[in-house]
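Student: Got final-v5.txt for you, compact mmCIF, C-alpha atoms and all ligand atoms:
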# COMPACT_ATOMS: atom_id res chain seq x y z
CA MET K 1 27.06 -4.03 -14.68
CA SER K 2 25.01 -0.92 -14.56
CA TRP K 3 22.80 0.75 -11.98
CA GLU K 4 19.94 0.08 -14.35
CA ASN K 5 20.05 -3.61 -13.39
CA ASN K 6 18.84 -2.56 -9.95
CA VAL K 7 15.94 -0.43 -11.07
CA ARG K 8 12.34 -1.40 -10.29
CA LYS K 9 10.93 -1.25 -13.79
CA VAL K 10 7.20 -0.90 -14.35
CA ILE K 11 4.86 -0.17 -17.21
CA PRO K 12 2.83 2.74 -15.82
CA TYR K 13 -0.93 3.20 -15.95
CA THR K 14 -2.13 5.21 -18.95
CA ALA K 15 -4.70 7.78 -17.91
CA GLY K 16 -7.23 9.33 -20.28
CA GLU K 17 -6.05 12.50 -22.02
CA GLN K 18 -6.58 15.89 -20.40
CA PRO K 19 -6.89 18.05 -23.53
CA LYS K 20 -6.49 21.82 -23.26
CA GLY K 21 -8.97 24.27 -24.71
CA LYS K 22 -12.66 24.04 -25.33
CA VAL K 23 -13.60 20.43 -25.98
CA ILE K 24 -16.38 18.13 -24.88
CA LYS K 25 -14.60 15.85 -22.48
CA LEU K 26 -16.28 12.48 -22.02
CA ASN K 27 -13.16 10.37 -21.52
CA THR K 28 -12.25 10.20 -17.81
CA ASN K 29 -15.57 9.90 -15.95
CA GLU K 30 -15.23 13.18 -14.11
CA CYS K 31 -18.47 14.78 -12.95
CA PRO K 32 -19.56 17.54 -15.37
CA TYR K 33 -20.85 19.67 -12.49
CA ALA K 34 -18.86 21.75 -10.03
CA PRO K 35 -18.51 20.44 -6.48
CA SER K 36 -20.79 21.69 -3.71
CA PRO K 37 -20.63 25.51 -3.49
CA MET K 38 -19.66 24.99 0.15
CA VAL K 39 -16.25 23.93 -1.16
CA ALA K 40 -15.58 27.28 -2.85
CA THR K 41 -16.84 29.12 0.24
CA ARG K 42 -14.47 27.12 2.40
CA ILE K 43 -11.54 27.88 0.05
CA TYR K 44 -12.34 31.55 0.51
CA ASP K 45 -12.45 31.18 4.30
CA LEU K 46 -9.16 29.30 4.32
CA ALA K 47 -7.56 32.05 2.23
CA GLN K 48 -8.78 34.67 4.73
CA GLN K 49 -7.33 32.65 7.58
CA GLU K 50 -3.96 32.38 5.81
CA LEU K 51 -3.94 36.09 4.92
CA ASN K 52 -4.28 36.77 8.62
CA GLY K 53 -0.77 35.34 9.08
CA SER K 54 -1.11 34.77 12.80
CA SER K 55 -3.67 31.97 12.30
CA SER K 56 -1.98 30.14 9.43
CA MET K 57 -2.77 26.43 9.39
CA LEU K 58 -0.54 25.68 6.43
CA ARG K 59 2.63 26.17 8.46
CA LYS K 60 1.65 23.18 10.64
CA TYR K 61 1.56 19.49 9.77
CA PRO K 62 -1.98 18.27 9.10
CA ASP K 63 -3.88 15.76 11.25
CA MET K 64 -2.59 12.26 10.42
CA ASP K 65 -6.01 10.70 10.96
CA ALA K 66 -7.92 13.41 9.06
CA ALA K 67 -10.31 13.23 12.02
CA LYS K 68 -12.53 16.08 10.90
CA LEU K 69 -13.21 14.40 7.56
CA VAL K 70 -13.53 10.91 9.04
CA ASN K 71 -16.06 12.14 11.62
CA ALA K 72 -18.10 13.80 8.86
CA ILE K 73 -18.02 10.58 6.79
CA VAL K 74 -19.07 8.50 9.82
CA LYS K 75 -22.03 10.80 10.46
CA VAL K 76 -23.24 11.01 6.85
CA TYR K 77 -22.69 7.31 6.08
CA ASN K 78 -24.37 6.16 9.28
CA ASP K 79 -27.45 8.18 8.32
CA ARG K 80 -27.35 6.75 4.81
CA TYR K 81 -26.41 3.12 5.33
CA PHE K 82 -26.88 2.23 8.98
CA SER K 83 -29.78 4.36 10.23
CA GLY K 84 -31.52 3.06 13.35
CA ASP K 85 -34.77 1.19 13.43
CA LYS K 86 -37.33 3.74 12.28
CA ASN K 87 -40.29 1.82 13.76
CA THR K 88 -39.06 1.56 17.33
CA GLY K 89 -37.10 4.79 17.18
CA LYS K 90 -34.30 2.82 18.77
CA ASN K 91 -30.90 3.75 17.51
CA THR K 92 -29.10 0.59 16.51
CA GLN K 93 -26.03 2.44 15.28
CA ALA K 94 -23.91 1.49 18.26
CA GLU K 95 -24.00 -2.17 17.22
CA ALA K 96 -24.48 -1.83 13.50
CA GLY K 97 -22.98 1.47 12.41
CA LEU K 98 -19.62 2.78 11.30
CA ASN K 99 -17.07 3.92 13.84
CA PHE K 100 -14.08 6.17 13.42
CA ASP K 101 -11.84 3.10 13.28
CA ASN K 102 -13.71 1.60 10.34
CA VAL K 103 -12.61 4.41 7.99
CA PHE K 104 -9.36 4.99 6.10
CA THR K 105 -8.65 8.00 3.90
CA GLY K 106 -6.09 8.45 1.15
CA VAL K 107 -4.98 10.63 -1.74
CA GLY K 108 -7.66 9.46 -4.18
CA SER K 109 -8.86 5.88 -4.19
CA ASP K 110 -5.89 5.02 -6.41
CA ASP K 111 -3.69 5.68 -3.38
CA VAL K 112 -6.06 3.74 -1.13
CA LEU K 113 -6.17 0.77 -3.52
CA SER K 114 -2.42 0.71 -4.05
CA MET K 115 -1.85 0.69 -0.27
CA ALA K 116 -4.50 -2.00 0.14
CA PHE K 117 -2.80 -4.19 -2.50
CA MET K 118 0.49 -3.83 -0.67
CA THR K 119 -1.03 -4.49 2.75
CA PHE K 120 -3.42 -7.36 2.07
CA PHE K 121 -2.14 -9.10 -1.06
CA ASN K 122 0.99 -10.47 0.47
CA SER K 123 1.00 -14.19 -0.30
CA ASP K 124 2.49 -16.35 -3.05
CA LYS K 125 -0.97 -17.20 -4.34
CA PRO K 126 -2.42 -15.16 -7.18
CA VAL K 127 -4.78 -12.26 -6.63
CA LEU K 128 -7.95 -12.63 -8.72
CA PHE K 129 -9.70 -9.94 -10.74
CA PRO K 130 -11.72 -9.84 -13.99
CA ASP K 131 -9.97 -9.75 -17.38
CA ILE K 132 -11.91 -6.64 -18.30
CA THR K 133 -11.65 -4.22 -15.41
CA TYR K 134 -9.91 -1.14 -14.05
CA SER K 135 -6.56 -1.14 -15.83
CA PHE K 136 -4.67 -0.03 -12.74
CA TYR K 137 -5.02 -3.41 -10.98
CA ASP K 138 -2.37 -5.22 -13.01
CA VAL K 139 -0.10 -2.18 -12.75
CA TRP K 140 -0.25 -2.24 -8.92
CA ALA K 141 0.19 -6.00 -8.90
CA ASP K 142 3.35 -5.55 -11.00
CA VAL K 143 4.81 -2.68 -9.02
CA HIS K 144 4.21 -4.45 -5.69
CA ARG K 145 5.40 -7.82 -7.11
CA ILE K 146 2.07 -9.53 -6.47
CA PRO K 147 1.19 -12.58 -8.57
CA TYR K 148 -2.25 -12.33 -10.19
CA LYS K 149 -4.63 -14.25 -12.40
CA VAL K 150 -7.39 -12.67 -14.45
CA GLN K 151 -10.79 -14.35 -14.49
CA PRO K 152 -12.64 -13.80 -17.78
CA LEU K 153 -16.02 -12.09 -17.70
CA THR K 154 -18.82 -13.91 -19.52
CA ASP K 155 -19.63 -12.93 -23.12
CA ASP K 156 -22.08 -10.31 -21.89
CA PHE K 157 -19.48 -8.87 -19.45
CA SER K 158 -21.02 -10.38 -16.31
CA ILE K 159 -19.00 -11.86 -13.48
CA ASP K 160 -19.24 -15.63 -13.24
CA ILE K 161 -19.32 -16.13 -9.49
CA LYS K 162 -17.80 -19.62 -9.85
CA ASP K 163 -14.53 -17.92 -10.84
CA TYR K 164 -14.26 -16.62 -7.29
CA LEU K 165 -15.56 -19.57 -5.27
CA ASP K 166 -13.33 -22.39 -4.06
CA LYS K 167 -10.37 -21.01 -6.01
CA GLU K 168 -7.00 -20.74 -4.37
CA ASN K 169 -6.09 -17.07 -4.19
CA GLY K 170 -4.10 -14.45 -2.32
CA GLY K 171 -6.91 -11.90 -2.51
CA ILE K 172 -9.70 -10.67 -4.74
CA VAL K 173 -10.46 -7.23 -6.17
CA ILE K 174 -13.58 -6.39 -8.18
CA PRO K 175 -15.19 -3.02 -8.95
CA ASN K 176 -18.95 -2.65 -8.58
CA PRO K 177 -20.21 -1.38 -10.97
CA ASN K 178 -17.35 -2.79 -13.02
CA ALA K 179 -15.23 -0.42 -15.10
CA PRO K 180 -15.20 0.11 -18.02
CA THR K 181 -18.26 -2.08 -18.64
CA GLY K 182 -20.65 -0.30 -16.24
CA VAL K 183 -22.16 -3.63 -15.28
CA TYR K 184 -23.48 -3.76 -11.72
CA GLU K 185 -23.81 -6.91 -9.62
CA ASP K 186 -25.98 -7.32 -6.55
CA PRO K 187 -24.34 -7.15 -3.09
CA SER K 188 -25.59 -10.70 -2.47
CA MET K 189 -23.07 -11.93 -5.05
CA PHE K 190 -20.25 -10.14 -3.27
CA GLU K 191 -21.41 -11.45 0.08
CA GLU K 192 -21.13 -14.99 -1.24
CA ILE K 193 -17.60 -14.31 -2.51
CA VAL K 194 -16.57 -12.76 0.82
CA ARG K 195 -18.10 -15.64 2.81
CA ASN K 196 -16.43 -18.24 0.57
CA ASN K 197 -12.96 -16.69 0.96
CA PRO K 198 -12.36 -16.26 4.71
CA ASP K 199 -8.59 -16.64 4.22
CA SER K 200 -8.20 -13.68 1.87
CA VAL K 201 -9.20 -10.05 1.76
CA VAL K 202 -11.84 -9.15 -0.80
CA ILE K 203 -11.67 -5.56 -2.06
CA ILE K 204 -14.82 -4.09 -3.60
CA ASP K 205 -13.99 -0.94 -5.56
CA GLU K 206 -17.13 1.20 -5.46
CA ALA K 207 -15.89 4.16 -7.50
CA TYR K 208 -19.27 4.36 -9.28
CA ILE K 209 -21.68 2.97 -6.69
CA ASP K 210 -23.47 6.30 -6.11
CA PHE K 211 -24.97 6.30 -9.62
CA GLY K 212 -27.77 3.86 -8.84
CA GLY K 213 -26.23 0.77 -7.24
CA GLU K 214 -26.54 -0.54 -3.70
CA SER K 215 -23.33 -0.33 -1.67
CA CYS K 216 -21.70 -3.37 -0.08
CA LEU K 217 -20.77 -1.20 2.91
CA PRO K 218 -22.99 -3.10 5.39
CA LEU K 219 -20.87 -6.22 4.73
CA ILE K 220 -17.99 -4.72 6.72
CA LYS K 221 -20.02 -5.21 9.89
CA LYS K 222 -20.62 -8.90 9.16
CA TYR K 223 -17.24 -10.00 7.79
CA ASP K 224 -13.69 -9.15 8.80
CA ASN K 225 -12.19 -9.85 5.34
CA VAL K 226 -13.92 -7.26 3.16
CA LEU K 227 -12.66 -3.79 2.28
CA VAL K 228 -15.02 -1.39 0.49
CA VAL K 229 -13.26 1.44 -1.38
CA GLN K 230 -14.91 4.66 -2.56
CA THR K 231 -13.79 7.96 -4.08
CA PHE K 232 -14.78 11.62 -4.08
CA SER K 233 -13.60 11.93 -7.71
CA LYS K 234 -16.76 10.88 -9.50
CA SER K 235 -20.02 11.46 -7.62
CA ARG K 236 -18.64 14.31 -5.49
CA SER K 237 -16.99 16.22 -8.37
CA LEU K 238 -13.62 16.39 -6.60
CA ALA K 239 -11.19 14.51 -8.86
CA GLY K 240 -8.82 17.47 -8.57
CA LEU K 241 -8.67 17.28 -4.78
CA ARG K 242 -7.63 13.58 -4.62
CA ILE K 243 -9.76 12.03 -1.87
CA GLY K 244 -10.43 8.32 -1.49
CA THR K 245 -11.79 6.25 1.38
CA ALA K 246 -11.83 2.66 2.51
CA PHE K 247 -14.18 0.95 4.94
CA GLY K 248 -13.47 -2.24 6.81
CA CYS K 249 -13.36 -3.85 10.24
CA GLU K 250 -11.10 -2.14 12.75
CA LYS K 251 -8.30 -4.68 12.40
CA LEU K 252 -8.19 -4.33 8.60
CA ILE K 253 -8.10 -0.53 8.81
CA ARG K 254 -5.36 -0.66 11.47
CA TYR K 255 -3.16 -2.77 9.17
CA LEU K 256 -3.80 -0.42 6.28
CA LYS K 257 -2.87 2.63 8.35
CA ASP K 258 0.32 0.96 9.56
CA VAL K 259 1.52 0.46 5.98
CA LYS K 260 0.37 3.90 4.87
CA PHE K 261 2.07 5.62 7.80
CA ALA K 262 5.25 3.69 7.08
CA PHE K 263 5.49 5.66 3.83
CA ASN K 264 4.11 9.04 4.82
CA SER K 265 2.13 9.75 7.96
CA TYR K 266 0.32 12.68 6.44
CA THR K 267 -2.18 11.14 4.10
CA LEU K 268 -4.24 14.20 3.31
CA ASN K 269 -3.12 17.81 3.33
CA TYR K 270 -4.90 20.39 5.43
CA PRO K 271 -6.95 22.06 2.64
CA SER K 272 -8.05 18.67 1.31
CA ILE K 273 -9.34 17.63 4.73
CA GLU K 274 -11.27 20.90 5.13
CA LEU K 275 -12.74 20.91 1.60
CA ALA K 276 -13.67 17.23 1.53
CA THR K 277 -15.41 17.66 4.90
CA VAL K 278 -17.78 20.37 3.69
CA ALA K 279 -18.39 18.41 0.48
CA VAL K 280 -19.44 15.25 2.29
CA LEU K 281 -21.69 17.14 4.69
CA ASP K 282 -23.61 18.77 1.81
CA THR K 283 -25.79 15.72 1.21
CA GLY K 284 -28.54 17.69 -0.56
CA TYR K 285 -26.15 18.90 -3.24
CA PHE K 286 -24.72 15.40 -3.62
CA ASP K 287 -28.17 13.83 -4.09
CA ASP K 288 -29.15 16.47 -6.68
CA THR K 289 -25.94 16.08 -8.68
CA VAL K 290 -26.14 12.30 -8.78
CA ALA K 291 -29.83 12.46 -9.81
CA LYS K 292 -28.95 14.82 -12.68
CA VAL K 293 -26.19 12.52 -13.95
CA ILE K 294 -28.50 9.48 -13.77
CA LYS K 295 -31.26 11.30 -15.66
CA THR K 296 -28.85 12.33 -18.41
CA ARG K 297 -27.45 8.79 -18.57
CA GLU K 298 -30.89 7.30 -19.11
CA TRP K 299 -31.63 9.84 -21.86
CA THR K 300 -28.31 9.04 -23.51
CA LYS K 301 -29.03 5.29 -23.42
CA GLU K 302 -32.25 5.85 -25.35
CA LYS K 303 -30.53 7.97 -27.99
CA LEU K 304 -27.60 5.57 -28.38
CA SER K 305 -30.01 2.66 -28.90
CA GLU K 306 -31.87 4.62 -31.57
CA LEU K 307 -28.56 5.21 -33.35
CA GLY K 308 -27.74 1.48 -33.44
CA PHE K 309 -25.42 1.20 -30.45
CA GLU K 310 -25.41 -1.85 -28.20
CA PHE K 311 -24.43 -1.85 -24.53
CA ARG K 312 -25.07 -3.54 -21.21
CA ASN K 313 -27.21 -1.58 -18.80
CA SER K 314 -24.83 0.81 -17.02
CA LYS K 315 -25.24 1.88 -13.42
CA ALA K 316 -22.17 4.11 -13.59
CA ASN K 317 -21.59 7.63 -14.92
CA PHE K 318 -20.54 6.24 -18.30
CA ILE K 319 -21.84 3.91 -21.00
CA PHE K 320 -19.68 1.24 -22.64
CA ALA K 321 -21.06 0.83 -26.13
CA LYS K 322 -20.31 -0.60 -29.56
CA HIS K 323 -22.02 0.19 -32.84
CA LYS K 324 -23.67 -2.51 -34.93
CA LYS K 325 -21.95 -1.37 -38.14
CA VAL K 326 -19.28 1.30 -37.60
CA SER K 327 -16.03 0.40 -35.82
CA ALA K 328 -15.12 2.00 -32.50
CA ASP K 329 -11.81 3.12 -33.97
CA GLU K 330 -13.54 5.10 -36.70
CA ILE K 331 -16.09 6.66 -34.35
CA PHE K 332 -13.36 7.56 -31.86
CA THR K 333 -11.28 9.31 -34.52
CA LYS K 334 -14.20 11.18 -36.05
CA LEU K 335 -15.46 12.34 -32.66
CA ARG K 336 -12.01 13.65 -31.88
CA GLU K 337 -11.98 15.66 -35.10
CA LYS K 338 -15.13 17.28 -33.73
CA ASP K 339 -13.39 17.96 -30.38
CA ILE K 340 -15.39 15.30 -28.54
CA TYR K 341 -13.19 13.02 -26.44
CA VAL K 342 -14.30 9.54 -25.40
CA ARG K 343 -12.17 6.56 -24.30
CA HIS K 344 -11.10 3.64 -26.48
CA TRP K 345 -8.79 0.72 -25.63
CA ASN K 346 -6.92 -1.38 -28.16
CA LYS K 347 -7.34 -4.48 -26.04
CA PRO K 348 -8.72 -7.93 -26.80
CA ARG K 349 -12.51 -8.31 -26.39
CA ILE K 350 -13.14 -4.56 -25.96
CA ASP K 351 -11.43 -2.96 -28.96
CA ASN K 352 -14.76 -2.35 -30.65
CA TYR K 353 -16.20 -0.52 -27.65
CA LEU K 354 -16.16 3.11 -26.59
CA ARG K 355 -16.51 4.28 -23.02
CA ILE K 356 -18.55 7.45 -23.00
CA SER K 357 -18.69 9.46 -19.76
CA ILE K 358 -21.94 11.23 -18.94
CA GLY K 359 -21.57 14.99 -19.34
CA THR K 360 -24.15 17.75 -19.07
CA ASP K 361 -27.36 17.56 -21.12
CA GLU K 362 -25.77 19.99 -23.62
CA ASP K 363 -22.65 17.83 -23.92
CA MET K 364 -24.72 14.74 -24.61
CA LYS K 365 -26.90 16.51 -27.18
CA GLU K 366 -23.72 17.54 -29.02
CA LEU K 367 -22.45 13.97 -28.79
CA VAL K 368 -25.67 12.51 -30.18
CA LYS K 369 -25.67 15.04 -33.00
CA ALA K 370 -22.08 14.16 -33.91
CA LEU K 371 -22.73 10.41 -33.68
CA LYS K 372 -25.73 10.75 -35.95
CA GLU K 373 -23.47 12.26 -38.62
CA ILE K 374 -20.83 9.58 -38.15
CA VAL K 375 -22.96 6.41 -38.15
CA SER K 376 -25.63 7.29 -40.70
C1 LIG H 1 -11.77 6.49 -11.15
C2 LIG H 1 -11.54 5.16 -10.52
C3 LIG H 1 -10.75 5.00 -9.38
C4 LIG H 1 -9.82 6.05 -8.82
O1 LIG H 1 -10.28 7.24 -8.56
P1 LIG H 1 -9.46 8.31 -7.74
O2 LIG H 1 -9.61 9.55 -8.52
O3 LIG H 1 -8.04 7.87 -7.60
O4 LIG H 1 -10.16 8.34 -6.43
C5 LIG H 1 -10.66 3.76 -8.79
N1 LIG H 1 -11.29 2.70 -9.32
C6 LIG H 1 -12.03 2.80 -10.42
C7 LIG H 1 -12.71 1.58 -10.95
C8 LIG H 1 -12.16 4.03 -11.06
O5 LIG H 1 -12.85 4.10 -12.20
Would you mind writing the file out in structure tokens?
Ligand SMILES: *Cc1c(COP(=O)(O)O)cnc(C)c1O

Tutor:
Amino acid sequence: MSWENNVRKVIPYTAGEQPKGKVIKLNTNECPYAPSPMVATRIYDLAQQELNGSSSMLRKYPDMDAAKLVNAIVKVYNDRYFSGDKNTGKNTQAEAGLNFDNVFTGVGSDDVLSMAFMTFFNSDKPVLFPDITYSFYDVWADVHRIPYKVQPLTDDFSIDIKDYLDKENGGIVIPNPNAPTGVYEDPSMFEEIVRNNPDSVVIIDEAYIDFGGESCLPLIKKYDNVLVVQTFSKSRSLAGLRIGTAFGCEKLIRYLKDVKFAFNSYTLNYPSIELATVAVLDTGYFDDTVAKVIKTREWTKEKLSELGFEFRNSKANFIFAKHKKVSADEIFTKLREKDIYVRHWNKPRIDNYLRISIGTDEDMKELVKALKEIVS
């Protein structure tokens, strides 16, 4: 008998490498641009406030509800997704818009998703998700002891909606666009899944929705069993700050907060709340950054096609591609020798694919130059 018999053993998630030094880093889908300059300005202001010892905020516990950030999100998202009727000028937000109690925040969407798994996937029936998807889902299912069943994507990496209709399940989680394929599905497909599964919670992981897709956010006002999860790590250039959000009906969010607060009542630290707030309010900077990434992505698609790569149309900040002749393994290794990092998985069905994050125009020109040498 040993204490090791009583250990909760898990196989952890493997994140993409974070190489040191000067490399072209296209392996973890970070945004290549700095966050809104308002963030740096706010850091400076916070430092001033702390230097003036009498007004230190760091000595106090932060706000459990991150109210400042949640209020900013409610304002910006209502303008974006639930704006009133422009013809009558009548503001329909009161009925249709987000309220404070529809929003949950966490330490990156990984934290939000893990808490959501624990809160909502609590039956003996299996949770459903695609076979090719975010590789954290099976890790959370294992660590929280949740049974799961993967539903294979079609040959072209699409979701077959029949896999999620009239199937016994203890919950469903699907990213849109899917990762690492980049394939985007219309909100109408998700609505059908949500409507067909009133006895389980459907989680839609929208980590990449800002890069050209339409959000399922409005569904939370029509259905009480859908949770939409987003992150500040990709489109808002704040992976280092760790900010994630979830949107759902008030009851769903209440349950999620109860579980979260049972672990640690202070979800976000004080600087994170302050910095994420100014970031979300700077909508102009956000729109510009996203537009730049999309433009570079479309350019990269053209170049990759010319070089003999094949891929589904991506609506994310990455492209999941395979070459007609040269193996992914070989390209991956040769790119690395040139200090260009992309992501490759030795997994069935996708081992001949590379996931290439969209960097700056300069990064992508370097990539295309290197690929040209490797594949020709
Ligand atoms: C990046 C990513 C996340 C997690 O991002 P955080 O940095 O934890 O907010 C969640 N889901 C998918 C599909 C992702 O690609």

Student: Which is closest to ligand LIG 1 (chain H) among K:Gln49, K:Thr133, K:Asn269, K:Asn197, if we use all atoms listed in the file?

Tutor: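 The closest residue to ligand LIG 1 (chain H) is K:Thr133.
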
Student: Quick one, how far is CA of Phe286 in chain K from CA of Lys301 in chain K?

Tutor: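 CA of Lys301 in chain K lies 22.6 Å from CA of Phe286 in chain K.
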
Student: Within 10 Å of ligand LIG 1 (chain H), which residues show up when you count all atoms listed in the file? List them as an mmCIF file with C-alpha atoms, keeping the file's coordinate frame, please.

Tutor:
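selection19.cif, written as the output of this step:
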data_model
loop_
_atom_site.group_PDB
_atom_site.id
_atom_site.type_symbol
_atom_site.label_atom_id
_atom_site.label_comp_id
_atom_site.auth_asym_id
_atom_site.auth_seq_id
_atom_site.Cartn_x
_atom_site.Cartn_y
_atom_site.Cartn_z
ATOM 1 C CA ALA K 15 -4.700 7.780 -17.910
ATOM 2 C CA THR K 28 -12.250 10.200 -17.810
ATOM 3 C CA ASN K 29 -15.570 9.900 -15.950
ATOM 4 C CA GLU K 30 -15.230 13.180 -14.110
ATOM 5 C CA GLY K 106 -6.090 8.450 1.150
ATOM 6 C CA VAL K 107 -4.980 10.630 -1.740
ATOM 7 C CA GLY K 108 -7.660 9.460 -4.180
ATOM 8 C CA SER K 109 -8.860 5.880 -4.190
ATOM 9 C CA ASP K 110 -5.890 5.020 -6.410
ATOM 10 C CA ASP K 111 -3.690 5.680 -3.380
ATOM 11 C CA VAL K 112 -6.060 3.740 -1.130
ATOM 12 C CA LEU K 113 -6.170 0.770 -3.520
ATOM 13 C CA SER K 114 -2.420 0.710 -4.050
ATOM 14 C CA THR K 133 -11.650 -4.220 -15.410
ATOM 15 C CA TYR K 134 -9.910 -1.140 -14.050
ATOM 16 C CA SER K 135 -6.560 -1.140 -15.830
ATOM 17 C CA PHE K 136 -4.670 -0.030 -12.740
ATOM 18 C CA TYR K 137 -5.020 -3.410 -10.980
ATOM 19 C CA ILE K 174 -13.580 -6.390 -8.180
ATOM 20 C CA PRO K 175 -15.190 -3.020 -8.950
ATOM 21 C CA ASN K 176 -18.950 -2.650 -8.580
ATOM 22 C CA PRO K 177 -20.210 -1.380 -10.970
ATOM 23 C CA ASN K 178 -17.350 -2.790 -13.020
ATOM 24 C CA ALA K 179 -15.230 -0.420 -15.100
ATOM 25 C CA PRO K 180 -15.200 0.110 -18.020
ATOM 26 C CA GLY K 182 -20.650 -0.300 -16.240
ATOM 27 C CA ILE K 204 -14.820 -4.090 -3.600
ATOM 28 C CA ASP K 205 -13.990 -0.940 -5.560
ATOM 29 C CA GLU K 206 -17.130 1.200 -5.460
ATOM 30 C CA ALA K 207 -15.890 4.160 -7.500
ATOM 31 C CA TYR K 208 -19.270 4.360 -9.280
ATOM 32 C CA VAL K 229 -13.260 1.440 -1.380
ATOM 33 C CA GLN K 230 -14.910 4.660 -2.560
ATOM 34 C CA THR K 231 -13.790 7.960 -4.080
ATOM 35 C CA PHE K 232 -14.780 11.620 -4.080
ATOM 36 C CA SER K 233 -13.600 11.930 -7.710
ATOM 37 C CA LYS K 234 -16.760 10.880 -9.500
ATOM 38 C CA SER K 237 -16.990 16.220 -8.370
ATOM 39 C CA LEU K 238 -13.620 16.390 -6.600
ATOM 40 C CA ALA K 239 -11.190 14.510 -8.860
ATOM 41 C CA GLY K 240 -8.820 17.470 -8.570
ATOM 42 C CA LEU K 241 -8.670 17.280 -4.780
ATOM 43 C CA ARG K 242 -7.630 13.580 -4.620
ATOM 44 C CA ILE K 243 -9.760 12.030 -1.870
ATOM 45 C CA GLY K 244 -10.430 8.320 -1.490
ATOM 46 C CA THR K 245 -11.790 6.250 1.380
ATOM 47 C CA ALA K 316 -22.170 4.110 -13.590
ATOM 48 C CA ASN K 317 -21.590 7.630 -14.920
#

Student: As an exercise, work out the distance from CA of Lys20 in chain K to CA of Lys322 in chain K in Å and give it to one decimal place.

Tutor: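 That distance, rounded to one decimal, is 27.1 Å.
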
Student: Closest to Gly248 in chain K among K:Val7, K:Asn102, K:Ser235, K:Thr154, using all atoms listed in the file?

Tutor: K:Asn102

Student: Find the residues around Phe157 in chain K up to 9 Å (only C-alpha atoms counted), leave out those fewer than 6 positions away in its own chain, and share them as JSON, numbers by chain.

Tutor: {"K": [132, 181, 183, 312]}

Student: So how many Å separate CA of Ile273 in chain K and CA of Val70 in chain K, to one decimal?

Tutor: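 Those two atoms sit 9.0 Å apart.
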
Student: Which residues, written as a PyMOL selection string, have at least one atom at most 7 Å from range 146-149 of chain K, with only C-alpha atoms counted and residues fewer than 3 positions away on the same chain left out?

Tutor: chain K and resi 121+124-129+141-142

Student: Which residues are near Glu298 in chain K? Cut-off 12 Å, only C-alpha atoms, ignore same chain within fewer than 5 positions. Put them as a ChimeraX atom specification.

Tutor: /K:211-212,291-293,303-305,313-319,358,361,364
